[in-house]
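First the structure, in the form of structure tokens, and then the observations on it.
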Amino acid sequence: MTATPSTTEPALRGTPAAGRFTGLDGLRAVAVLAVIVYHFMPAALPGGFLGVDIFFVISGFLITSLLLRERERDGRIHLGRFWLRRARRLLPAIGLLVITCGGIAWLIGGDVLIGLGLQVLGAATFSSNWIAVAAGQSYFDDSTPELFRNLWSLAVEEQFYVVWPALLLLLLLVPARRLRIAILLVLAVASAIGMALTADPAGDATRAYFGTDTHSFGLALGAALAFIAQSGPSGRGAKAIQAAGVTALGLVIAAAFVLRDDSALTYRGGLAIVAALTALVILAGIQPESRLGRALDIRPLAWIGERSYGLYLWHWPVHVLAAAVVTDLSPGPGAPWITAGIALLVTVIAAQLSYAYLEQPVRRLGFRGATQAGWRALSGWRGASVDPARTVTRRWGRAVASGLAIVCSIALTAGTIAGIAADPGTGSVQQQIQAGQDAIRDAATPAPAAPGDGGETEAEAQSAPAEIPGGDQITAIGDSVMLASAASMQQVLPGIDIDAAVSRQFSSAPALIRAHLDAGTLRPVVLLGLGTNGPVDTETLAEVRELLGTAHQLVLVNVHAPRWWTDGVNSTLTSFAQQYRDVELANWRDSIAPQLRLLARDQIHPGDAGGLVYAAAVQDALQRLAELPPVVGPRDYGLAPQPT
């Protein structure tokens, strides 16, 4: 399909003869570094996932600009040629990634094989995001290490590449450029509103985050920017855009430190604002003689940006595989650092090799030309006579290299197929969590009357001998670690009411407690086992204590996980428990530290024996809480910190 222009389009600005936009490589580097840091060290950059939205805006702008330039140059848009160029750009690297990591995953075995078949299908059909949504997978669930989870964003872009050129032909039928821009902006706003309405940060925002319909505002903004850039500003307007672009870049970087994947703000305007700021950065960077564009194009950033596709592709699967090996061989507090170091080194090497020897040759020469060039290089063909002996030696050496390459390709492909066949279906963590969910369902019992609803008076309660509260006096609210320990908790504390869910964060605690209070189901002792999935702040702890009032006691369970925020979480929980007489700490971290073999491969979730350790830590905290003397004055009077 082609289109003939009805009018002559203005020349695109910031596009030298080579077709390169200043600043884009550096901005790609910012995006891919943000994503890598977020995945490797999430506490260091909790909003680093916004790098994906930066990529979306760049893609929408660049693809639309190239199509408009082709129409201006040739008087038409060659859709077949466009899709072939996209295939050359995307497919070789993805194919290499899938067979390499799939084959290695088969050698490692276990949880890294879970869902491998569906993930490979998603990679092959550009539908990873929708397959994940249909399968009920969660982007925010760390209990199952999906090997190719990061391909969801490439699926969104690939779907855009398939649909957008044909839609652009229709859009170009609209005669006024401003109206075209307005249409694209309306589409962007509609997508952002869709994300805001669909997202459920308190539950799981995967559908809103993965959906092509709800996460296309960046692509639409980028496309609109391509039309806007056809007639850029000059004079004072250009200087104002430069200043705005620098400010916008600073705000994007700040957002990477502020936004969180469990925050309503992220999905209800946060990511859309980041996309709009990114568009402003691009507009400022592509202006002639742009200082911002030159700053972003400094050599280190440009080098990373040129290889950003490969870096993005490889970093997540390599990290998953490295984590599986490291936690088996060297479990402990240093495992995350070792995993991150290995993953970063392997990612850079793999991305460079893919870029130099696969991606670039295919882009320059096409699939057939790159294959022929590769065979000529391996066979030692030079097109001119050389010393016969050296020719034979060179040809034998390259024949061996060629044979090894073929054997490795076949072996890795076979390994990937074997890995798909060996998919265990359910991981060790999922099995333990499911057992906890089953135990909670089977042991559901009605809550007893809350204090003050009847029975003994407050004076009688204070004069009664101290006893460890039984399970029927405890409401436990927690995350997947508590869920995995549920059966053991019920064994040690019969009748305990457990409200636990996967990926739950401490920020959700006030809302959950309010729900129990409103339903009249909150028991005298409240056990909070949250903190595995993100930092804890004292403001939220204070809000929780205020909600509980004088009628409830609080037990906080600290955290053991190979994650960057756990030390901060444990310090905050310990400090808070030491401040108040009616708050106690269950020391799960120190209890499980000498017995890491009782945890699953992720070094977070306990098995049956580990669950008993978790329950024992809770029981010890209840014992200390019960042995303290009754409160004889106002609840907030100063007391010396209690030992924990």
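In the structure tokens, chains take letters A, B, ... by order of appearance, with residues numbered from 1 within each chain and ligands from 1 in the order shown.
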List the spatial neighbours of Ser503 in chain A as a list of chain:residue names - criterion: any atom at most 8 Å away, only C-alpha atoms, same-chain residues fewer than 3 positions off excluded. A:Phe140, A:Asp141, A:Asp142, A:Asp479, A:Ser480, A:Asn533
Contacts of range 118-123 of chain A at 10 Å (only C-alpha atoms; same-chain gap of 4+ positions) as number ranges by chain: A: 91, 94-95, 98-99, 102, 113-114, 127-132, 135, 146-149, 151-152, 154-155, 416-417, 420
Please produce a file of those selected residues containing N, CA, C and O atoms, as a compact mmCIF listing (two decimals), in the first residue's frame.
```txt
# COMPACT_ATOMS: atom_id res chain seq x y z
N LEU A 91 13.95 -8.76 14.52
CA LEU A 91 13.87 -10.21 14.61
C LEU A 91 15.19 -10.93 14.91
O LEU A 91 15.20 -11.87 15.71
N ILE A 94 16.06 -10.78 18.68
CA ILE A 94 15.09 -11.52 19.50
C ILE A 94 15.26 -13.02 19.33
O ILE A 94 15.22 -13.79 20.29
N GLY A 95 15.47 -13.46 18.08
CA GLY A 95 15.68 -14.88 17.83
C GLY A 95 16.89 -15.41 18.58
O GLY A 95 16.84 -16.49 19.20
N VAL A 98 16.13 -15.60 22.38
CA VAL A 98 15.20 -16.67 22.79
C VAL A 98 15.89 -18.02 22.82
O VAL A 98 15.78 -18.77 23.80
N ILE A 99 16.63 -18.37 21.76
CA ILE A 99 17.25 -19.70 21.74
C ILE A 99 18.41 -19.78 22.73
O ILE A 99 18.64 -20.84 23.34
N GLY A 102 16.72 -19.53 26.36
CA GLY A 102 15.86 -20.70 26.53
C GLY A 102 16.67 -21.97 26.71
O GLY A 102 16.35 -22.81 27.57
N LEU A 113 11.89 -22.24 34.02
CA LEU A 113 11.21 -22.82 32.85
C LEU A 113 9.70 -22.59 32.89
O LEU A 113 9.02 -22.91 31.91
N ILE A 114 9.19 -22.02 33.97
CA ILE A 114 7.74 -21.86 34.10
C ILE A 114 7.21 -20.93 33.02
O ILE A 114 7.69 -19.82 32.83
N SER A 127 3.09 -10.68 20.70
CA SER A 127 1.88 -10.58 21.53
C SER A 127 2.16 -10.91 23.00
O SER A 127 1.26 -11.32 23.72
N SER A 128 3.39 -10.71 23.44
CA SER A 128 3.75 -11.08 24.82
C SER A 128 2.86 -10.40 25.84
O SER A 128 2.49 -11.00 26.86
N ASN A 129 2.52 -9.14 25.60
CA ASN A 129 1.72 -8.41 26.58
C ASN A 129 0.34 -9.01 26.74
O ASN A 129 -0.15 -9.22 27.86
N TRP A 130 -0.33 -9.31 25.63
CA TRP A 130 -1.69 -9.84 25.71
C TRP A 130 -1.71 -11.29 26.20
O TRP A 130 -2.64 -11.69 26.91
N ILE A 131 -0.70 -12.06 25.85
CA ILE A 131 -0.62 -13.43 26.36
C ILE A 131 -0.45 -13.41 27.87
O ILE A 131 -1.08 -14.21 28.60
N ALA A 132 0.38 -12.50 28.37
CA ALA A 132 0.57 -12.39 29.81
C ALA A 132 -0.72 -11.99 30.51
O ALA A 132 -1.07 -12.54 31.57
N ALA A 135 -3.15 -14.91 30.51
CA ALA A 135 -2.72 -15.99 31.40
C ALA A 135 -2.77 -15.58 32.87
O ALA A 135 -2.47 -16.39 33.75
N GLU A 146 9.66 -15.07 35.42
CA GLU A 146 9.39 -15.26 33.98
C GLU A 146 10.59 -14.79 33.17
O GLU A 146 11.02 -13.64 33.26
N LEU A 147 11.10 -15.67 32.34
CA LEU A 147 12.37 -15.45 31.66
C LEU A 147 12.33 -14.29 30.68
O LEU A 147 13.28 -13.50 30.58
N PHE A 148 11.23 -14.16 29.94
CA PHE A 148 11.14 -13.13 28.91
C PHE A 148 10.06 -12.10 29.24
O PHE A 148 9.39 -11.57 28.36
N ARG A 149 9.90 -11.79 30.50
CA ARG A 149 8.87 -10.84 30.92
C ARG A 149 9.06 -9.48 30.28
O ARG A 149 8.10 -8.79 29.96
N LEU A 151 9.76 -8.64 27.38
CA LEU A 151 9.36 -8.52 25.98
C LEU A 151 7.96 -7.93 25.82
O LEU A 151 7.53 -7.67 24.69
N TRP A 152 7.26 -7.70 26.92
CA TRP A 152 5.92 -7.12 26.81
C TRP A 152 5.96 -5.75 26.11
O TRP A 152 5.09 -5.45 25.28
N LEU A 154 8.22 -4.60 24.01
CA LEU A 154 8.53 -4.76 22.59
C LEU A 154 7.30 -5.21 21.82
O LEU A 154 7.11 -4.83 20.66
N ALA A 155 6.45 -6.01 22.47
CA ALA A 155 5.20 -6.42 21.82
C ALA A 155 4.32 -5.21 21.53
O ALA A 155 3.73 -5.10 20.45
N THR A 416 15.98 -25.13 24.04
CA THR A 416 14.77 -24.33 24.25
C THR A 416 13.52 -25.18 24.12
O THR A 416 12.59 -25.08 24.93
N ILE A 417 13.51 -26.03 23.09
CA ILE A 417 12.36 -26.93 22.90
C ILE A 417 12.23 -27.88 24.09
O ILE A 417 11.12 -28.11 24.61
N ILE A 420 10.81 -26.01 27.04
CA ILE A 420 9.35 -25.84 26.94
C ILE A 420 8.65 -27.12 27.39
O ILE A 420 7.66 -27.08 28.13
```
Residues flagged alpha helix (DSSP H) by DSSP in range 217-380 of chain A, as an NGL selection string: :A and (217-228 or 236-258 or 264-265 or 271-285 or 291-296 or 299-306 or 308-329 or 335-354 or 360-379)
Store the residues picked out above in a file with C-alpha atoms, as a tab-separated table (two decimals), in the first residue's frame.
```
chain	number	residue	atom	x	y	z
A	217	PHE	CA	-0.16	7.46	24.91
A	218	GLY	CA	3.61	7.71	24.57
A	219	LEU	CA	3.52	6.35	21.03
A	220	ALA	CA	0.71	8.75	20.11
A	221	LEU	CA	2.53	11.72	21.65
A	222	GLY	CA	5.65	10.78	19.73
A	223	ALA	CA	3.69	10.61	16.50
A	224	ALA	CA	2.14	14.01	17.19
A	225	LEU	CA	5.60	15.40	17.88
A	226	ALA	CA	6.75	14.26	14.43
A	227	PHE	CA	4.12	16.55	12.89
A	228	ILE	CA	4.93	19.37	15.30
A	236	ARG	CA	13.14	33.44	21.36
A	237	GLY	CA	10.83	30.50	20.86
A	238	ALA	CA	13.79	28.20	20.20
A	239	LYS	CA	15.60	29.46	23.31
A	240	ALA	CA	12.48	28.93	25.41
A	241	ILE	CA	12.15	25.36	24.13
A	242	GLN	CA	15.81	24.70	24.97
A	243	ALA	CA	15.24	25.84	28.54
A	244	ALA	CA	12.00	23.87	28.77
A	245	GLY	CA	13.74	20.77	27.40
A	246	VAL	CA	16.47	20.90	30.03
A	247	THR	CA	13.85	21.36	32.75
A	248	ALA	CA	11.78	18.51	31.35
A	249	LEU	CA	14.79	16.18	31.35
A	250	GLY	CA	15.44	17.05	34.99
A	251	LEU	CA	11.82	16.34	35.86
A	252	VAL	CA	11.91	12.97	34.07
A	253	ILE	CA	15.01	11.98	36.02
A	254	ALA	CA	13.39	13.16	39.25
A	255	ALA	CA	10.27	11.13	38.44
A	256	ALA	CA	12.45	8.02	38.22
A	257	PHE	CA	13.23	8.52	41.91
A	258	VAL	CA	9.70	9.47	42.98
A	264	ALA	CA	-2.04	5.42	42.05
A	265	LEU	CA	-0.29	8.56	40.82
A	271	LEU	CA	3.37	8.05	33.26
A	272	ALA	CA	1.43	10.27	30.86
A	273	ILE	CA	3.19	13.34	32.27
A	274	VAL	CA	6.54	11.59	31.87
A	275	ALA	CA	5.66	10.89	28.22
A	276	ALA	CA	4.76	14.55	27.64
A	277	LEU	CA	8.00	15.69	29.28
A	278	THR	CA	9.94	13.25	27.11
A	279	ALA	CA	8.34	14.73	23.99
A	280	LEU	CA	9.51	18.16	25.13
A	281	VAL	CA	13.06	16.86	25.65
A	282	ILE	CA	13.05	15.40	22.12
A	283	LEU	CA	11.72	18.63	20.60
A	284	ALA	CA	14.45	20.63	22.33
A	285	GLY	CA	17.16	18.12	21.44
A	291	ARG	CA	23.07	22.32	23.31
A	292	LEU	CA	20.80	19.78	24.95
A	293	GLY	CA	21.05	17.51	21.90
A	294	ARG	CA	24.85	17.76	21.90
A	295	ALA	CA	24.99	17.10	25.65
A	296	LEU	CA	22.87	13.96	25.27
A	299	ARG	CA	30.16	9.50	23.44
A	300	PRO	CA	29.42	7.27	26.47
A	301	LEU	CA	25.69	7.95	26.27
A	302	ALA	CA	25.67	7.63	22.48
A	303	TRP	CA	27.47	4.26	22.71
A	304	ILE	CA	24.89	2.96	25.19
A	305	GLY	CA	22.01	4.41	23.17
A	306	GLU	CA	23.17	2.74	19.96
A	308	SER	CA	20.01	0.15	23.88
A	309	TYR	CA	17.89	-2.42	22.05
A	310	GLY	CA	20.26	-5.25	22.84
A	311	LEU	CA	20.86	-4.04	26.38
A	312	TYR	CA	17.12	-3.98	27.02
A	313	LEU	CA	16.61	-7.40	25.44
A	314	TRP	CA	19.35	-9.19	27.36
A	315	HIS	CA	19.36	-7.59	30.78
A	316	TRP	CA	16.24	-9.20	32.24
A	317	PRO	CA	16.66	-12.83	31.05
A	318	VAL	CA	20.33	-12.76	32.03
A	319	HIS	CA	19.41	-11.42	35.47
A	320	VAL	CA	16.81	-14.16	35.97
A	321	LEU	CA	19.28	-16.89	34.98
A	322	ALA	CA	22.09	-15.40	37.06
A	323	ALA	CA	19.82	-15.13	40.10
A	324	ALA	CA	18.83	-18.79	39.77
A	325	VAL	CA	22.46	-19.90	39.75
A	326	VAL	CA	23.79	-17.50	42.38
A	327	THR	CA	21.07	-18.21	44.95
A	328	ASP	CA	21.75	-21.94	44.58
A	329	LEU	CA	25.52	-21.63	44.93
A	335	ALA	CA	23.65	-12.67	46.47
A	336	PRO	CA	21.86	-9.63	44.95
A	337	TRP	CA	25.15	-7.79	44.43
A	338	ILE	CA	26.81	-10.82	42.86
A	339	THR	CA	23.77	-11.39	40.63
A	340	ALA	CA	23.66	-7.77	39.51
A	341	GLY	CA	27.38	-7.70	38.75
A	342	ILE	CA	27.31	-10.89	36.71
A	343	ALA	CA	24.13	-9.88	34.89
A	344	LEU	CA	25.50	-6.45	33.99
A	345	LEU	CA	28.76	-7.84	32.62
A	346	VAL	CA	27.07	-10.56	30.57
A	347	THR	CA	24.41	-8.14	29.32
A	348	VAL	CA	26.98	-5.65	27.99
A	349	ILE	CA	29.02	-8.38	26.30
A	350	ALA	CA	25.96	-10.04	24.75
A	351	ALA	CA	24.52	-6.72	23.55
A	352	GLN	CA	27.82	-5.68	21.95
A	353	LEU	CA	28.31	-9.02	20.18
A	354	SER	CA	24.72	-9.00	18.95
A	360	GLN	CA	24.25	-4.28	12.09
A	361	PRO	CA	25.10	-6.75	9.30
A	362	VAL	CA	21.43	-7.65	8.84
A	363	ARG	CA	20.37	-3.99	8.84
A	364	ARG	CA	23.01	-3.07	6.23
A	365	LEU	CA	22.88	-6.15	4.01
A	366	GLY	CA	19.52	-7.74	4.69
A	367	PHE	CA	18.94	-11.33	5.81
A	368	ARG	CA	20.31	-12.94	2.65
A	369	GLY	CA	23.24	-10.56	2.24
A	370	ALA	CA	24.30	-10.91	5.88
A	371	THR	CA	24.09	-14.70	5.64
A	372	GLN	CA	26.18	-14.78	2.48
A	373	ALA	CA	28.74	-12.38	3.96
A	374	GLY	CA	28.97	-14.54	7.05
A	375	TRP	CA	29.57	-17.69	5.04
A	376	ARG	CA	32.24	-15.97	2.94
A	377	ALA	CA	33.98	-14.73	6.06
A	378	LEU	CA	33.87	-18.14	7.71
A	379	SER	CA	35.12	-19.91	4.58
```
Can you list, as number ranges by chain, every protein, DNA or RNA residue that comes within 9 Å of range 160-162 of chain A when you count only C-alpha atoms, leaving out same-chain residues fewer than 6 positions away? A: 60, 63, 82-83, 86, 212, 216, 219
Identify, on the basis of only C-alpha atoms, every residue whose closest approach to Arg441 in chain A does not exceed 12 Å; exclude the query and any residue fewer than 3 positions from it along the same chain; express the result as a PDB file with N, CA and C atoms, in the first residue's frame.
```pdb
ATOM      1  N   GLN A 434       0.063 -21.376  47.112  1.00  0.00           N
ATOM      2  CA  GLN A 434      -1.232 -22.015  46.911  1.00  0.00           C
ATOM      3  C   GLN A 434      -1.628 -22.847  48.121  1.00  0.00           C
ATOM      4  N   ALA A 435      -0.641 -23.516  48.714  1.00  0.00           N
ATOM      5  CA  ALA A 435      -0.935 -24.289  49.927  1.00  0.00           C
ATOM      6  C   ALA A 435      -1.412 -23.367  51.046  1.00  0.00           C
ATOM      7  N   GLY A 436      -0.796 -22.180  51.143  1.00  0.00           N
ATOM      8  CA  GLY A 436      -1.238 -21.217  52.147  1.00  0.00           C
ATOM      9  C   GLY A 436      -2.641 -20.721  51.880  1.00  0.00           C
ATOM     10  N   GLN A 437      -2.944 -20.438  50.617  1.00  0.00           N
ATOM     11  CA  GLN A 437      -4.289 -19.989  50.264  1.00  0.00           C
ATOM     12  C   GLN A 437      -5.324 -21.067  50.584  1.00  0.00           C
ATOM     13  N   ASP A 438      -4.988 -22.314  50.297  1.00  0.00           N
ATOM     14  CA  ASP A 438      -5.902 -23.421  50.594  1.00  0.00           C
ATOM     15  C   ASP A 438      -6.122 -23.555  52.100  1.00  0.00           C
ATOM     16  N   ALA A 444     -11.221 -20.999  57.559  1.00  0.00           N
ATOM     17  CA  ALA A 444     -11.944 -19.745  57.805  1.00  0.00           C
ATOM     18  C   ALA A 444     -12.908 -19.922  58.964  1.00  0.00           C
ATOM     19  N   THR A 445     -12.806 -19.009  59.950  1.00  0.00           N
ATOM     20  CA  THR A 445     -13.677 -19.055  61.126  1.00  0.00           C
ATOM     21  C   THR A 445     -14.176 -17.653  61.430  1.00  0.00           C
ATOM     22  N   LEU A 483       1.729 -15.607  53.318  1.00  0.00           N
ATOM     23  CA  LEU A 483       0.850 -16.547  52.630  1.00  0.00           C
ATOM     24  C   LEU A 483       1.507 -17.916  52.522  1.00  0.00           C
ATOM     25  N   ALA A 486       1.227 -19.728  55.805  1.00  0.00           N
ATOM     26  CA  ALA A 486      -0.110 -19.762  56.402  1.00  0.00           C
ATOM     27  C   ALA A 486      -0.417 -21.087  57.085  1.00  0.00           C
ATOM     28  N   ALA A 487      -0.106 -22.194  56.432  1.00  0.00           N
ATOM     29  CA  ALA A 487      -0.420 -23.500  57.020  1.00  0.00           C
ATOM     30  C   ALA A 487       0.329 -23.698  58.336  1.00  0.00           C
ATOM     31  N   GLN A 490      -1.220 -21.560  61.091  1.00  0.00           N
ATOM     32  CA  GLN A 490      -2.446 -22.144  61.628  1.00  0.00           C
ATOM     33  C   GLN A 490      -2.141 -23.339  62.532  1.00  0.00           C
ATOM     34  N   GLY A 495      -6.804 -21.070  64.658  1.00  0.00           N
ATOM     35  CA  GLY A 495      -7.864 -20.072  64.655  1.00  0.00           C
ATOM     36  C   GLY A 495      -7.436 -18.695  64.199  1.00  0.00           C
ATOM     37  N   ILE A 496      -6.166 -18.501  63.881  1.00  0.00           N
ATOM     38  CA  ILE A 496      -5.697 -17.195  63.446  1.00  0.00           C
ATOM     39  C   ILE A 496      -6.385 -16.794  62.140  1.00  0.00           C
ATOM     40  N   ASP A 497      -6.732 -15.521  62.018  1.00  0.00           N
ATOM     41  CA  ASP A 497      -7.373 -15.006  60.804  1.00  0.00           C
ATOM     42  C   ASP A 497      -6.289 -14.374  59.922  1.00  0.00           C
ATOM     43  N   ILE A 498      -6.013 -14.980  58.780  1.00  0.00           N
ATOM     44  CA  ILE A 498      -4.919 -14.539  57.911  1.00  0.00           C
ATOM     45  C   ILE A 498      -5.488 -13.881  56.661  1.00  0.00           C
ATOM     46  N   ASP A 499      -5.046 -12.656  56.423  1.00  0.00           N
ATOM     47  CA  ASP A 499      -5.405 -11.898  55.219  1.00  0.00           C
ATOM     48  C   ASP A 499      -4.096 -11.556  54.509  1.00  0.00           C
ATOM     49  N   ALA A 500      -3.685 -12.400  53.569  1.00  0.00           N
ATOM     50  CA  ALA A 500      -2.398 -12.217  52.905  1.00  0.00           C
ATOM     51  C   ALA A 500      -2.578 -12.336  51.400  1.00  0.00           C
TER      52      ALA A 500
END
```
Closest contacts (range 484-587 of chain A/range 599-611 of chain A, max 6 Å, only C-alpha atoms) as a tab-separated table:
```
residue	atom	partner	partner_atom	distance
A:Ser485	CA	A:Gly611	CA	4.2
A:Ser488	CA	A:Gly611	CA	5.3
A:Ala561	CA	A:Ile604	CA	5.0
```
Please, could you write that set of residues out with N, CA and C atoms as a JSON list (two decimals), in the first residue's frame?
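The resulting file, selection_32.json, is reproduced below:
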```
[["chain", "number", "residue", "atom", "x", "y", "z"],
["A", 485, "SER", "N", 3.55, -19.10, 54.55],
["A", 485, "SER", "CA", 3.67, -19.64, 55.92],
["A", 485, "SER", "C", 2.31, -19.91, 56.56],
["A", 488, "SER", "N", 1.59, -23.29, 58.37],
["A", 488, "SER", "CA", 2.37, -23.42, 59.60],
["A", 488, "SER", "C", 1.85, -22.48, 60.67],
["A", 561, "ALA", "N", 14.96, -10.88, 52.63],
["A", 561, "ALA", "CA", 14.86, -10.99, 51.17],
["A", 561, "ALA", "C", 16.13, -10.42, 50.55]]
```
For a quick check of understanding, using only C-alpha atoms, which of A:Pro145, A:Leu66, A:Ala421, A:Val525 has the smallest distance to Arg20 in chain A? A:Leu66
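If only C-alpha atoms are the atoms counted, then among A:Asp74, A:Asp620, A:Asp518, A:Asp537 the closest residue to Val555 in chain A is A:Asp620.
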Taking only C-alpha atoms into account, which of A:Leu493, A:Val429, A:Leu50, A:Val57 comes nearest Ala188 in chain A? A:Val57
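Nearest to Ile477 in chain A of all the residues A:Thr426, A:Ala621, A:Leu530, A:Val32 is A:Leu530, based on only C-alpha atoms.
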